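What follows is a single structure, written as structure tokens, with notes after it.
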Amino acid sequence: MKTSTLFSSALFATLSLLSSTSAHIAISNPPAQAGPWTKDLNKNVHAWIGYQGKKFPCGGYKKGPVTTYQAGEQIDVMFWTFGIDDYKKLPPPGVGQSRHGGGSCEFSLSYDAGKTWWVIGQYTKTCPDIYYKWPVVIPHNVPACKDSDKCLFSMSWTAYSTDQWYHHCANIVIENKDEAKLGKDVGMPPLAMTIVDVSQKHQKLDTHAVGDTKSTKSSGPSAAELAINQNGKHYAFDSTMKKGAKPFSLNLNLVVSH
Ligand SMILES: [Cu+2]
């Protein structure tokens with residue numbers, strides 16, 4: 001009996017260690033604020049909003065590297081956490097895949113330094129798994145965004161099994177050579193980003209999003225969600241949309257209670 005108890009606690013300790021080393025998440029592509037590719041690496045860059053006073057939006061970090069995109073361009077989002085030395089390599093060697101049971105990832109654009117956010121991609125289940133790329137497309141008909149102090153791309157994640165909500169940002173510039181030609185068909189994507197209890201006033205949140213529960217392995221983004229996120233139109237503004245029409249969204253089944 002004693003042996004088996006010892007074995008169990010050793011196993012439990014090992015599992016706990018595994019999840020603490022690879023839990024939490026940041027984005028490495030686009031190269032985002034306060035990551036190891038900047039001069040301002042923050043030890044909490046991978047932590048959730050509210051952790052040790054971490055602020056929304058973005059964590060409250062300094063401006064990071066600026067990546068220039070064309071409207072219509074695909075961004076192969078990559079995730080990062082401490083322990084990954086070569087952040088451009090997939091799969092990252094020697095890092096586990098604890099994802100708090102996955103959850104809901106949203107990828108959004110802001111043109112006003114993080115005051116408003118518009119969704120351009122969503123993944124559920126095993127997101128954010130650091131072993132895979134999670135492609136999203138900047139809609140072809142978004143306006144150009146030239147001020148890299150104000151133009152941001154963000155990843156947000158509502159974890160399935162923990163009461164944590166993550167938000168990490170990259171400074172970007174968006175060019176759109178077709179803007180004049182598109183005319184009234186230019187607009188921001190209609191779906192607003194989900195924001196989960198940013199104030200963190202309630203210590204025990206009950207935030208659940210579609211995840212893959214207790215799995216520690218995954219096969220990456222599903223074919224169905226890849227198709228939606230790569231078609232370029234699903235999240236795009238549509239001038240023919242009737243007033244009051246519901247914006248496009250995956251069924252995130254996000255429950256937030258206090
Ligand atoms: Cu975590």
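We name chains A, B, ... following the order of the structure tokens; residues begin at 1 in each chain, and ligands are numbered from 1 as shown.
Residues in contact with Cys145 (chain A) at 10 Å, where only C-alpha atoms are counted and same-chain residues fewer than 6 positions away are skipped, are listed as A:Thr68, A:Tyr69, A:Ala71, A:Ser110, A:Tyr111, A:Asp112, A:Cys151, A:Leu152, A:Ile172, A:Val173, A:Ile174, A:Glu175, A:Asn176.
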Expected answer as a PyMOL selection string: residues within 7 Å of ligand 1, only C-alpha atoms and all ligand atoms: chain A and resi 23-25+47+100
Write the residues of the preceding selection, restricted to C-alpha atoms, as an mmCIF file, in the first residue's frame.
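Wrote selection-v3.cif, looks like this:
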```cif
data_model
loop_
_atom_site.group_PDB
_atom_site.id
_atom_site.type_symbol
_atom_site.label_atom_id
_atom_site.label_comp_id
_atom_site.auth_asym_id
_atom_site.auth_seq_id
_atom_site.Cartn_x
_atom_site.Cartn_y
_atom_site.Cartn_z
ATOM 1 C CA ALA A 23 1.274 26.066 -19.160
ATOM 2 C CA HIS A 24 0.522 29.661 -20.094
ATOM 3 C CA ILE A 25 0.976 31.037 -23.573
ATOM 4 C CA ALA A 47 0.663 34.720 -18.002
ATOM 5 C CA HIS A 100 -5.413 23.686 -19.619
#
```
Could you make a table, as JSON lines, of the residues of region 118-201 of chain A that have an atom within 9 Å of an atom of region 86-93 of chain A, each with its nearest atom pair and distance in Å to one decimal, counting only C-alpha atoms, in chain and number order?
```
{"residue": "A:Ile130", "atom": "CA", "partner": "A:Pro91", "partner_atom": "CA", "distance": 7.4}
{"residue": "A:Tyr131", "atom": "CA", "partner": "A:Pro91", "partner_atom": "CA", "distance": 4.7}
{"residue": "A:Tyr132", "atom": "CA", "partner": "A:Leu90", "partner_atom": "CA", "distance": 7.0}
{"residue": "A:Lys133", "atom": "CA", "partner": "A:Leu90", "partner_atom": "CA", "distance": 8.4}
```
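Going from CA of His46 (chain A) over to CA of Trp165 (chain A), you cover 11.1 Å.
Considering the residues A:Gly244, A:Pro143, A:Gly60, A:Gly121 and counting only C-alpha atoms, Asn44 (chain A) has its shortest atom-to-atom contact with A:Gly60.
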Selection: 12 Å around Pro139 (chain A), only C-alpha atoms, excl. self and same-chain fewer than 3 positions, as a ChimeraX atom specification: /A:69-75,108-109,118-121,136,142-144,174-176,178-179,185-190,229-238
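If you count only C-alpha atoms and ignore residues fewer than 2 places along the chain from Gly59 (chain A), what sits within 10 Å of it is Gln33, Ala34, Asn42, Asn44, Val45, His46, Ala47, Trp48, Ile49, Gly50, Tyr51, Gly53, Lys54, Lys55, Phe56, Pro57, Tyr61, Lys62, Tyr166, His167, His168 and Cys169 of chain A.
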